[in-house]
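Engineer: Input file: run-v2.csv. Contents: CSV, C-alpha atoms.
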```csv
chain,number,residue,atom,x,y,z
A,4,PRO,CA,72.4,-3.4,30.1
A,5,VAL,CA,70.4,-0.3,29.0
A,6,SER,CA,66.9,-0.2,30.4
A,7,PRO,CA,63.9,1.5,28.6
A,8,SER,CA,63.1,5.0,29.7
A,9,SER,CA,59.8,5.2,27.9
A,10,VAL,CA,57.5,3.6,25.3
A,11,THR,CA,55.2,5.2,22.8
A,12,LEU,CA,52.6,4.0,20.2
A,13,ASN,CA,52.0,4.9,16.6
A,14,TYR,CA,48.4,5.5,17.6
A,15,THR,CA,47.1,7.1,20.8
A,16,SER,CA,43.4,6.7,19.8
A,17,LEU,CA,41.3,4.8,17.3
A,18,THR,CA,37.6,5.1,16.3
A,19,LYS,CA,36.4,2.1,14.4
A,20,ILE,CA,33.2,0.1,13.4
A,21,VAL,CA,32.5,-3.4,14.6
A,22,GLY,CA,34.2,-5.8,12.1
A,23,ASP,CA,36.6,-3.2,10.6
A,24,ALA,CA,40.0,-4.5,9.5
A,25,SER,CA,42.5,-5.0,12.3
A,26,VAL,CA,45.1,-2.4,13.1
A,27,THR,CA,48.6,-3.1,14.2
A,28,LEU,CA,49.9,-0.9,17.1
A,29,VAL,CA,53.7,-0.4,17.0
A,30,ALA,CA,55.5,0.0,20.3
A,31,ILE,CA,58.5,2.4,20.1
A,32,VAL,CA,60.8,1.8,23.0
A,33,SER,CA,63.3,4.5,24.0
A,34,PRO,CA,66.2,4.7,24.0
A,35,SER,CA,66.7,3.0,20.7
A,36,ASN,CA,69.7,1.1,22.2
A,37,ALA,CA,67.7,-0.3,25.1
A,38,THR,CA,68.8,-3.9,25.8
A,39,ASP,CA,65.4,-5.5,26.3
A,40,LYS,CA,62.7,-4.0,24.1
A,41,SER,CA,60.1,-6.7,24.6
A,42,VAL,CA,56.6,-5.6,25.6
A,43,THR,CA,53.3,-7.1,26.7
A,44,TRP,CA,49.8,-6.0,25.5
A,45,THR,CA,46.5,-5.9,27.3
A,46,SER,CA,42.9,-4.7,26.6
A,47,SER,CA,40.8,-3.3,29.3
A,48,ASN,CA,37.6,-4.6,27.6
A,49,THR,CA,38.1,-7.6,25.4
A,50,SER,CA,34.4,-7.6,24.4
A,51,VAL,CA,35.1,-4.4,22.6
A,52,ALA,CA,38.6,-5.0,21.2
A,53,THR,CA,41.3,-7.6,21.6
A,54,VAL,CA,45.0,-7.3,21.1
A,55,SER,CA,47.5,-9.9,20.2
A,56,SER,CA,51.1,-10.4,21.5
A,57,LEU,CA,52.2,-8.6,18.4
A,58,GLY,CA,50.0,-5.5,18.9
A,59,VAL,CA,47.3,-6.5,16.4
A,60,VAL,CA,43.9,-5.0,17.5
A,61,ASN,CA,40.6,-6.6,16.4
A,62,PHE,CA,37.3,-4.7,16.8
A,63,ILE,CA,34.8,-7.1,18.3
A,64,GLY,CA,31.8,-5.1,19.7
A,65,ALA,CA,30.5,-1.6,20.3
A,66,GLY,CA,31.9,0.3,23.3
A,67,THR,CA,35.2,1.6,24.5
A,68,THR,CA,38.4,0.0,25.7
A,69,THR,CA,42.0,0.9,26.4
A,70,ILE,CA,44.9,-0.9,24.9
A,71,THR,CA,48.0,-0.8,27.1
A,72,VAL,CA,51.5,-1.7,26.2
A,73,LYS,CA,54.1,-2.3,28.9
A,74,THR,CA,57.9,-2.9,28.7
A,75,ASN,CA,59.0,-6.1,30.3
A,76,ASP,CA,62.0,-4.3,31.6
A,77,GLY,CA,61.0,-1.4,33.8
A,78,ASN,CA,57.2,-1.6,33.3
A,79,LYS,CA,57.1,1.5,31.2
A,80,THR,CA,53.6,2.0,29.8
A,81,THR,CA,51.5,3.9,27.3
A,82,THR,CA,48.0,3.5,26.0
A,83,CYS,CA,45.7,3.8,23.0
A,84,ALA,CA,42.0,4.7,23.6
A,85,VAL,CA,39.7,2.7,21.3
A,86,ILE,CA,36.1,3.5,20.5
A,87,VAL,CA,34.2,0.9,18.5
A,88,ASN,CA,30.8,1.8,17.0
A,89,GLN,CA,28.1,-0.5,15.8
A,90,ALA,CA,28.0,-0.9,12.1
A,91,PRO,CA,25.3,1.4,10.6
A,92,VAL,CA,22.0,-0.2,9.6
A,93,SER,CA,20.3,1.3,6.5
A,94,PRO,CA,16.5,1.5,6.2
A,95,SER,CA,15.0,-1.2,4.1
A,96,SER,CA,11.6,0.4,3.8
A,97,VAL,CA,9.3,3.1,5.1
A,98,THR,CA,5.5,2.9,5.6
A,99,LEU,CA,2.9,5.4,6.7
A,100,ASN,CA,0.0,5.1,9.2
A,101,TYR,CA,-2.4,6.3,6.4
A,102,THR,CA,-2.2,5.5,2.6
A,103,SER,CA,-5.1,7.7,1.7
A,104,LEU,CA,-7.2,10.4,3.3
A,105,THR,CA,-10.5,12.1,2.3
A,106,LYS,CA,-11.0,15.4,4.0
A,107,ILE,CA,-12.9,18.7,3.8
A,108,VAL,CA,-11.1,22.1,3.3
A,109,GLY,CA,-10.2,23.4,6.7
A,110,ASP,CA,-10.5,20.0,8.5
A,111,ALA,CA,-8.3,19.5,11.5
A,112,SER,CA,-4.7,18.6,10.5
A,113,VAL,CA,-3.7,15.0,10.5
A,114,THR,CA,-0.2,13.7,11.5
A,115,LEU,CA,1.3,11.1,9.3
A,116,VAL,CA,3.7,8.8,11.1
A,117,ALA,CA,6.6,7.4,9.1
A,118,ILE,CA,7.6,3.9,10.3
A,119,VAL,CA,11.1,3.1,9.2
A,120,SER,CA,12.2,-0.5,9.0
A,121,PRO,CA,14.1,-2.2,10.4
A,122,SER,CA,13.5,-0.8,13.8
A,123,ASN,CA,17.3,-0.7,14.5
A,124,ALA,CA,18.1,1.4,11.4
A,125,THR,CA,20.8,3.9,12.4
A,126,ASP,CA,19.4,6.9,10.6
A,127,LYS,CA,15.6,7.1,10.7
A,128,SER,CA,15.4,10.7,9.6
A,129,VAL,CA,12.9,11.5,6.8
A,130,THR,CA,11.8,14.4,4.6
A,131,TRP,CA,8.3,15.3,3.6
A,132,THR,CA,6.9,16.7,0.3
A,133,SER,CA,3.4,17.5,-1.1
A,134,SER,CA,2.8,17.2,-4.9
A,135,ASN,CA,0.2,20.0,-4.7
A,136,THR,CA,0.6,22.5,-1.9
A,137,SER,CA,-2.6,24.3,-3.0
A,138,VAL,CA,-4.5,21.2,-1.8
A,139,ALA,CA,-2.5,19.9,1.1
A,140,THR,CA,0.7,21.1,2.9
A,141,VAL,CA,2.9,19.0,5.1
A,142,SER,CA,5.4,19.9,7.8
A,143,ASN,CA,7.2,17.2,9.8
A,144,GLY,CA,4.4,14.8,8.8
A,145,THR,CA,1.5,17.1,9.8
A,146,VAL,CA,-0.9,17.6,6.9
A,147,SER,CA,-3.1,20.6,6.5
A,148,PHE,CA,-6.0,20.6,4.1
A,149,VAL,CA,-6.1,24.0,2.3
A,150,GLY,CA,-7.9,23.6,-1.0
A,151,THR,CA,-10.0,21.2,-3.1
A,152,GLY,CA,-8.4,18.6,-5.3
A,153,GLU,CA,-5.8,15.8,-4.9
A,154,ALA,CA,-2.3,15.8,-3.6
A,155,THR,CA,0.2,13.1,-2.8
A,156,ILE,CA,2.3,13.3,0.3
A,157,THR,CA,5.6,11.6,0.0
A,158,VAL,CA,8.0,10.6,2.8
A,159,THR,CA,11.6,9.9,1.9
A,160,THR,CA,14.3,8.4,4.2
A,161,GLN,CA,17.5,10.4,4.3
A,162,ASP,CA,19.5,7.2,4.1
A,163,GLY,CA,18.7,5.2,1.0
A,164,ASN,CA,15.8,7.3,-0.4
A,165,LYS,CA,13.1,4.8,0.5
A,166,THR,CA,9.7,6.3,0.0
A,167,ALA,CA,6.0,5.9,0.9
A,168,THR,CA,3.0,7.9,-0.1
A,169,CYS,CA,-0.4,9.0,1.1
A,170,VAL,CA,-3.0,10.2,-1.4
A,171,ILE,CA,-5.1,13.1,-0.2
A,172,SER,CA,-8.5,14.0,-1.6
A,173,VAL,CA,-9.9,17.3,-0.3
A,174,THR,CA,-13.5,18.4,-1.0
A,175,ASP,CA,-15.6,21.3,0.2
A,176,ASN,CA,-18.8,21.0,2.2
A,177,ALA,CA,-21.0,21.2,-0.9
A,178,SER,CA,-19.6,18.0,-2.3
A,179,LEU,CA,-20.6,15.9,0.7
A,180,PRO,CA,-23.7,13.8,0.3
A,181,CYS,CA,-25.1,15.1,3.5
A,182,SER,CA,-24.2,16.4,6.9
A,183,ASN,CA,-26.2,13.9,8.9
A,184,PRO,CA,-25.9,10.4,7.3
A,185,THR,CA,-28.2,7.6,8.3
A,186,ALA,CA,-25.2,5.3,8.6
A,187,GLN,CA,-21.5,5.4,7.8
A,188,GLY,CA,-18.4,3.5,8.2
A,189,THR,CA,-15.2,2.1,6.5
A,190,THR,CA,-14.5,-1.0,4.4
A,191,GLY,CA,-10.9,-1.7,3.8
A,192,THR,CA,-9.3,1.6,2.8
A,193,LEU,CA,-12.6,3.1,1.6
A,194,ALA,CA,-15.3,5.1,3.4
A,195,TRP,CA,-19.1,4.8,3.0
A,196,GLU,CA,-22.2,6.6,4.1
A,197,LEU,CA,-25.9,6.3,3.5
A,198,CYS,CA,-27.9,9.5,3.2
A,199,ASP,CA,-31.5,9.8,2.0
A,200,GLY,CA,-31.4,6.4,0.3
A,201,THR,CA,-28.1,7.1,-1.5
A,202,LEU,CA,-25.0,5.0,-0.5
A,203,THR,CA,-21.8,6.8,-1.4
A,204,ILE,CA,-18.5,5.0,-1.4
A,205,SER,CA,-15.3,7.0,-1.5
A,206,GLY,CA,-11.6,6.7,-1.2
A,207,ARG,CA,-8.8,5.0,-3.2
A,208,GLY,CA,-8.1,1.4,-3.7
A,209,GLU,CA,-9.9,-2.0,-3.7
A,210,MET,CA,-13.2,-2.8,-2.1
A,211,PRO,CA,-12.6,-5.9,0.1
A,212,ARG,CA,-14.2,-9.2,-0.7
A,213,TYR,CA,-17.4,-10.1,1.1
A,214,ASP,CA,-17.7,-13.9,1.2
A,215,TYR,CA,-21.3,-13.8,2.3
A,216,GLU,CA,-24.1,-11.2,1.9
A,217,GLU,CA,-24.0,-10.7,5.7
A,218,ASP,CA,-20.4,-9.5,5.4
A,219,GLU,CA,-21.5,-6.4,3.4
A,220,PRO,CA,-20.9,-3.4,5.8
A,221,TRP,CA,-24.4,-2.1,4.7
A,222,TYR,CA,-26.1,-5.5,5.0
A,223,ASN,CA,-28.5,-4.4,7.9
A,224,ILE,CA,-29.6,-1.3,6.0
A,225,ARG,CA,-29.6,-2.6,2.5
A,226,ASN,CA,-33.3,-2.3,2.1
A,227,SER,CA,-32.9,1.5,2.6
A,228,ILE,CA,-30.4,1.7,-0.4
A,229,ASN,CA,-32.1,3.2,-3.5
A,230,THR,CA,-29.0,4.6,-5.3
A,231,VAL,CA,-25.3,3.7,-5.2
A,232,ILE,CA,-22.6,6.3,-6.1
A,233,ILE,CA,-19.1,4.9,-6.2
A,234,GLN,CA,-16.6,7.8,-6.4
A,235,ASN,CA,-13.6,7.9,-8.6
A,236,GLY,CA,-10.6,6.2,-6.9
A,237,VAL,CA,-12.3,2.9,-6.1
A,238,THR,CA,-10.8,0.3,-8.3
A,239,ASN,CA,-13.2,-2.6,-8.2
A,240,ILE,CA,-16.7,-3.7,-7.2
A,241,SER,CA,-16.1,-6.7,-5.1
A,242,HIS,CA,-17.6,-10.2,-4.6
A,243,LYS,CA,-21.2,-9.9,-3.4
A,244,ALA,CA,-20.7,-6.1,-2.8
A,245,PHE,CA,-24.4,-5.3,-3.3
A,246,ALA,CA,-25.9,-8.7,-3.6
A,247,GLY,CA,-29.5,-8.7,-2.4
A,248,CYS,CA,-29.9,-4.9,-2.4
A,249,ARG,CA,-33.4,-5.3,-4.0
A,250,ASN,CA,-34.5,-1.7,-3.7
A,251,MET,CA,-31.5,-0.3,-5.5
A,252,THR,CA,-32.6,1.3,-8.8
A,253,SER,CA,-29.4,2.9,-10.1
A,254,VAL,CA,-25.6,2.7,-9.7
A,255,THR,CA,-22.8,5.1,-10.7
A,256,ILE,CA,-19.6,3.3,-11.6
A,257,PRO,CA,-16.5,5.5,-12.0
A,258,GLY,CA,-13.8,5.3,-14.6
A,259,SER,CA,-11.3,4.0,-11.9
A,260,VAL,CA,-13.1,0.6,-11.7
A,261,THR,CA,-11.5,-2.2,-13.7
A,262,ILE,CA,-13.2,-5.3,-12.4
A,263,ILE,CA,-16.8,-6.1,-11.5
A,264,ASP,CA,-16.4,-9.2,-9.4
A,265,MET,CA,-18.6,-12.3,-9.0
A,266,LEU,CA,-22.2,-11.8,-7.8
A,267,ALA,CA,-21.5,-8.1,-7.3
A,268,PHE,CA,-25.1,-7.1,-8.1
A,269,SER,CA,-26.8,-10.5,-7.8
A,270,GLY,CA,-30.5,-10.3,-6.9
A,271,CYS,CA,-30.6,-6.5,-7.3
A,272,SER,CA,-34.1,-6.8,-8.8
A,273,GLY,CA,-34.8,-3.1,-8.6
A,274,LEU,CA,-31.9,-2.1,-10.8
A,275,THR,CA,-33.2,-0.9,-14.2
A,276,SER,CA,-30.1,0.1,-16.1
A,277,VAL,CA,-26.4,0.2,-15.7
A,278,ILE,CA,-23.6,2.0,-17.7
A,279,ILE,CA,-20.3,0.2,-17.4
A,280,PRO,CA,-17.4,2.6,-17.9
A,281,GLY,CA,-14.6,2.1,-20.4
A,282,SER,CA,-12.1,1.3,-17.7
A,283,VAL,CA,-13.7,-2.1,-16.9
A,284,THR,CA,-11.9,-5.1,-18.4
A,285,THR,CA,-13.6,-8.0,-16.6
A,286,ILE,CA,-17.1,-8.8,-15.5
A,287,GLU,CA,-17.0,-11.9,-13.4
A,288,TYR,CA,-19.4,-14.8,-12.9
A,289,TYR,CA,-23.0,-14.0,-12.2
A,290,ALA,CA,-22.3,-10.3,-11.6
A,291,PHE,CA,-25.8,-9.2,-12.6
A,292,GLU,CA,-27.8,-12.4,-12.2
A,293,LYS,CA,-31.4,-12.1,-11.2
A,294,CYS,CA,-31.5,-8.4,-11.9
A,295,SER,CA,-35.0,-9.0,-13.2
A,296,ASN,CA,-35.9,-5.3,-13.9
A,297,LEU,CA,-32.7,-4.5,-15.7
A,298,THR,CA,-33.9,-3.3,-19.1
A,299,SER,CA,-30.7,-2.3,-20.9
A,300,ILE,CA,-27.0,-2.9,-20.6
A,301,THR,CA,-24.1,-1.3,-22.4
A,302,ILE,CA,-20.8,-3.2,-22.5
A,303,PRO,CA,-17.8,-1.0,-23.4
A,304,ALA,CA,-15.0,-2.0,-25.8
A,305,SER,CA,-12.6,-2.3,-22.9
A,306,VAL,CA,-14.3,-5.5,-21.6
A,307,THR,CA,-12.4,-8.6,-22.6
A,308,THR,CA,-13.7,-11.2,-20.2
A,309,ILE,CA,-17.4,-12.0,-19.4
A,310,GLY,CA,-17.8,-14.8,-16.9
A,311,SER,CA,-20.5,-17.4,-16.9
A,312,GLY,CA,-24.1,-16.4,-15.9
A,313,VAL,CA,-23.3,-12.7,-15.8
A,314,PHE,CA,-26.8,-11.7,-17.1
A,315,SER,CA,-28.6,-14.9,-16.2
A,316,GLN,CA,-32.3,-14.5,-15.3
A,317,CYS,CA,-32.3,-10.8,-16.3
A,318,THR,CA,-35.7,-11.4,-17.7
A,319,GLY,CA,-36.5,-7.7,-18.2
A,320,LEU,CA,-33.7,-7.1,-20.7
A,321,LYS,CA,-35.0,-5.2,-23.7
A,322,SER,CA,-31.7,-4.1,-25.3
A,323,VAL,CA,-28.0,-5.0,-25.2
A,324,THR,CA,-25.2,-2.8,-26.6
A,325,ASN,CA,-21.7,-4.3,-27.0
A,326,ASN,CA,-19.0,-1.9,-28.2
A,327,ALA,CA,-16.2,-4.4,-28.4
A,328,THR,CA,-14.9,-4.8,-32.0
A,329,THR,CA,-14.1,-8.4,-31.4
A,330,PRO,CA,-16.9,-10.3,-29.5
A,331,GLN,CA,-15.9,-11.7,-26.2
A,332,ILE,CA,-16.0,-15.5,-25.9
A,333,ILE,CA,-19.0,-16.4,-23.8
A,334,ASP,CA,-21.0,-19.5,-23.1
A,335,ASN,CA,-24.8,-20.1,-23.1
A,336,SER,CA,-25.1,-19.5,-19.4
A,337,VAL,CA,-24.3,-15.7,-19.7
A,338,PHE,CA,-27.9,-15.1,-20.8
A,339,TRP,CA,-29.5,-18.2,-19.2
A,340,GLY,CA,-33.2,-17.8,-18.7
A,341,VAL,CA,-33.4,-14.8,-21.0
A,342,ASN,CA,-35.1,-14.8,-24.4
A,343,ILE,CA,-32.1,-13.4,-26.3
A,344,CYS,CA,-33.8,-13.9,-29.6
A,345,ALA,CA,-36.2,-11.2,-28.8
A,346,ILE,CA,-33.6,-8.7,-27.6
A,347,PRO,CA,-31.9,-6.3,-30.1
A,348,LEU,CA,-28.1,-6.3,-30.0
A,349,SER,CA,-26.2,-3.2,-31.0
A,350,VAL,CA,-22.6,-3.7,-32.1
A,351,PRO,CA,-20.0,-1.8,-34.1
A,352,ALA,CA,-21.0,-1.7,-37.8
A,353,ALA,CA,-17.7,-3.2,-38.9
A,354,SER,CA,-18.1,-6.1,-36.5
A,355,VAL,CA,-21.5,-7.4,-37.4
A,356,ALA,CA,-20.2,-10.4,-39.2
A,357,LYS,CA,-18.0,-11.4,-36.3
A,358,TYR,CA,-20.9,-11.3,-33.9
A,359,LYS,CA,-23.0,-13.3,-36.2
A,360,ALA,CA,-20.3,-16.0,-36.4
A,361,ALA,CA,-19.7,-15.9,-32.6
A,362,ASN,CA,-21.3,-18.3,-30.1
A,363,VAL,CA,-24.3,-16.9,-28.3
A,364,TRP,CA,-24.0,-13.3,-29.7
```
Represent the structure of the file as structure tokens.

Structural biologist:
Amino acid sequence: PVSPSSVTLNYTSLTKIVGDASVTLVAIVSPSNATDKSVTWTSSNTSVATVSSLGVVNFIGAGTTTITVKTNDGNKTTTCAVIVNQAPVSPSSVTLNYTSLTKIVGDASVTLVAIVSPSNATDKSVTWTSSNTSVATVSNGTVSFVGTGEATITVTTQDGNKTATCVISVTDNASLPCSNPTAQGTTGTLAWELCDGTLTISGRGEMPRYDYEEDEPWYNIRNSINTVIIQNGVTNISHKAFAGCRNMTSVTIPGSVTIIDMLAFSGCSGLTSVIIPGSVTTIEYYAFEKCSNLTSITIPASVTTIGSGVFSQCTGLKSVTNNATTPQIIDNSVFWGVNICAIPLSVPAASVAKYKAANVW
């Protein structure tokens, strides 16, 4: 009989990912005329890779192991080093710790933190860009406020190009209502402050819903509010936002607002006039009810929905202008408690017949 003098493998090392297709190791016994070429196979760590009696290697878990082949005649051995890596996990999303910031030129920089999901994503690296570097610059997430205007900071994952943004509004000192506000705070994503009787609300996004008047952030100081300025970027005036602010005489509504929600100005008996911008499409139920000193109202053409009781008990109304070419469908409650027969209605000249034929109008 001729005994084996050595054994070699077709692979001396393998680097794979968990779950990769199996690989067959081939044992080459020398000399080629050895009488008994049978071999046995073992794995030093079967939680990483297993090997069958035929040399088939399966990749089970992350780690390292050594596959050893040994001749049954003479115990000649050789090995294959196996490294198994966890399968890469791609990001599904990225979010930021801020979605909007309102700052003054030269304010201290703010660090945006990118939160990549899932938490076990393999590559969490991101890149940062600013849409307007004359307003705000960004370096590794640190934002500097260099000029007035708006900029959007975008973070993008290297793997998968998932993105998130933060909208930056930068003003100068002169544009602030005052340097020493009577009160200030935040509501949702928005900021507010009261200065010399003027309540200013700034930021971007929705004003949260207030279920009760007591939920208004400015409830305890509402009798000190004479004027309300809502800055561009705010998208709605929420449920009961200013209900019961009886000393408020005027309000500025920006072109970013699309909805005036239910009871928004209910009981604002000091309000004398309001100009609704052409961005508004919906005025919800009882939005201006009991605004008894409201003398005029202008409804833009953009408004398609007017809820019940919107101007009910607005007993001081002296004129109504509706710029919609097609009159909105309303019920009798819209002007409940108001002598509408004594109030002149101004409408587009080409739509007079439509208004005469419409209910209530």

Engineer: Using only C-alpha atoms, which residue out of A:Thr67, A:Asn88, A:Thr230, A:Thr174 lies closest to A:Gly150?

Structural biologist: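 The closest residue to A:Gly150 is A:Thr174.
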
Engineer: Enter the distance from atom CA of A:Glu287 to atom CA of A:Gln316, in Å, rounded to one decimal.

Structural biologist: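 If I compute the distance from atom CA of A:Glu287 to atom CA of A:Gln316, I get 15.6 Å.
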
Engineer: Can you tell me, as a PDB file with C-alpha atoms, in the frame of the given file, which residues sit within 8 Å of (-25.5, 3.8, 2.6) in the file's frame, using all atoms listed in the file?

Structural biologist:
```pdb
ATOM      1  CA  THR A 185     -28.200   7.600   8.300  1.00  0.00           C
ATOM      2  CA  ALA A 186     -25.200   5.300   8.600  1.00  0.00           C
ATOM      3  CA  GLN A 187     -21.500   5.400   7.800  1.00  0.00           C
ATOM      4  CA  TRP A 195     -19.100   4.800   3.000  1.00  0.00           C
ATOM      5  CA  GLU A 196     -22.200   6.600   4.100  1.00  0.00           C
ATOM      6  CA  LEU A 197     -25.900   6.300   3.500  1.00  0.00           C
ATOM      7  CA  CYS A 198     -27.900   9.500   3.200  1.00  0.00           C
ATOM      8  CA  GLY A 200     -31.400   6.400   0.300  1.00  0.00           C
ATOM      9  CA  THR A 201     -28.100   7.100  -1.500  1.00  0.00           C
ATOM     10  CA  LEU A 202     -25.000   5.000  -0.500  1.00  0.00           C
ATOM     11  CA  THR A 203     -21.800   6.800  -1.400  1.00  0.00           C
ATOM     12  CA  TRP A 221     -24.400  -2.100   4.700  1.00  0.00           C
ATOM     13  CA  ILE A 224     -29.600  -1.300   6.000  1.00  0.00           C
ATOM     14  CA  ARG A 225     -29.600  -2.600   2.500  1.00  0.00           C
ATOM     15  CA  SER A 227     -32.900   1.500   2.600  1.00  0.00           C
ATOM     16  CA  ILE A 228     -30.400   1.700  -0.400  1.00  0.00           C
ATOM     17  CA  VAL A 231     -25.300   3.700  -5.200  1.00  0.00           C
TER      18      VAL A 231
END
```

Engineer: State, in Å with one decimal place, the distance from atom CA of A:Gly208 to atom CA of A:Pro94.

Structural biologist: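 Computing the Euclidean distance for atom CA of A:Gly208 and atom CA of A:Pro94 yields 26.5 Å.
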
Engineer: Atom CA of A:Val306 to atom CA of A:Glu216: how many Å, to one decimal?

Structural biologist: 26.1 Å

Engineer: Report as JSON lines: every residue of stretch 153-256 of chain A with an atom at most 9 Å from stretch 261-282 of chain A, its closest pair of atoms, and their distance in Å to one decimal, counting only C-alpha atoms, with rows sorted by chain and ascending residue number.

Structural biologist:
```
{"residue": "A:Arg212", "atom": "CA", "partner": "A:Asp264", "partner_atom": "CA", "distance": 9.0}
{"residue": "A:Asn229", "atom": "CA", "partner": "A:Gly273", "partner_atom": "CA", "distance": 8.5}
{"residue": "A:Thr238", "atom": "CA", "partner": "A:Thr261", "partner_atom": "CA", "distance": 6.0}
{"residue": "A:Asn239", "atom": "CA", "partner": "A:Ile262", "partner_atom": "CA", "distance": 5.0}
{"residue": "A:Ile240", "atom": "CA", "partner": "A:Ile263", "partner_atom": "CA", "distance": 4.9}
{"residue": "A:Ser241", "atom": "CA", "partner": "A:Asp264", "partner_atom": "CA", "distance": 5.0}
{"residue": "A:His242", "atom": "CA", "partner": "A:Met265", "partner_atom": "CA", "distance": 5.0}
{"residue": "A:Lys243", "atom": "CA", "partner": "A:Ala267", "partner_atom": "CA", "distance": 4.3}
{"residue": "A:Ala244", "atom": "CA", "partner": "A:Ala267", "partner_atom": "CA", "distance": 5.0}
{"residue": "A:Phe245", "atom": "CA", "partner": "A:Phe268", "partner_atom": "CA", "distance": 5.2}
{"residue": "A:Ala246", "atom": "CA", "partner": "A:Ser269", "partner_atom": "CA", "distance": 4.7}
{"residue": "A:Gly247", "atom": "CA", "partner": "A:Gly270", "partner_atom": "CA", "distance": 4.9}
{"residue": "A:Cys248", "atom": "CA", "partner": "A:Cys271", "partner_atom": "CA", "distance": 5.2}
{"residue": "A:Arg249", "atom": "CA", "partner": "A:Cys271", "partner_atom": "CA", "distance": 4.5}
{"residue": "A:Asn250", "atom": "CA", "partner": "A:Gly273", "partner_atom": "CA", "distance": 5.1}
{"residue": "A:Met251", "atom": "CA", "partner": "A:Gly273", "partner_atom": "CA", "distance": 5.3}
{"residue": "A:Thr252", "atom": "CA", "partner": "A:Leu274", "partner_atom": "CA", "distance": 4.0}
{"residue": "A:Ser253", "atom": "CA", "partner": "A:Leu274", "partner_atom": "CA", "distance": 5.6}
{"residue": "A:Val254", "atom": "CA", "partner": "A:Val277", "partner_atom": "CA", "distance": 6.5}
{"residue": "A:Thr255", "atom": "CA", "partner": "A:Ile278", "partner_atom": "CA", "distance": 7.7}
{"residue": "A:Ile256", "atom": "CA", "partner": "A:Ile279", "partner_atom": "CA", "distance": 6.6}
```

Engineer: Would you export the selected residues with C-alpha atoms as a compact mmCIF listing (two decimals), in the frame of the given file, please?

Structural biologist:
```
# COMPACT_ATOMS: atom_id res chain seq x y z
CA ARG A 212 -14.20 -9.20 -0.70
CA ASN A 229 -32.10 3.20 -3.50
CA THR A 238 -10.80 0.30 -8.30
CA ASN A 239 -13.20 -2.60 -8.20
CA ILE A 240 -16.70 -3.70 -7.20
CA SER A 241 -16.10 -6.70 -5.10
CA HIS A 242 -17.60 -10.20 -4.60
CA LYS A 243 -21.20 -9.90 -3.40
CA ALA A 244 -20.70 -6.10 -2.80
CA PHE A 245 -24.40 -5.30 -3.30
CA ALA A 246 -25.90 -8.70 -3.60
CA GLY A 247 -29.50 -8.70 -2.40
CA CYS A 248 -29.90 -4.90 -2.40
CA ARG A 249 -33.40 -5.30 -4.00
CA ASN A 250 -34.50 -1.70 -3.70
CA MET A 251 -31.50 -0.30 -5.50
CA THR A 252 -32.60 1.30 -8.80
CA SER A 253 -29.40 2.90 -10.10
CA VAL A 254 -25.60 2.70 -9.70
CA THR A 255 -22.80 5.10 -10.70
CA ILE A 256 -19.60 3.30 -11.60
```
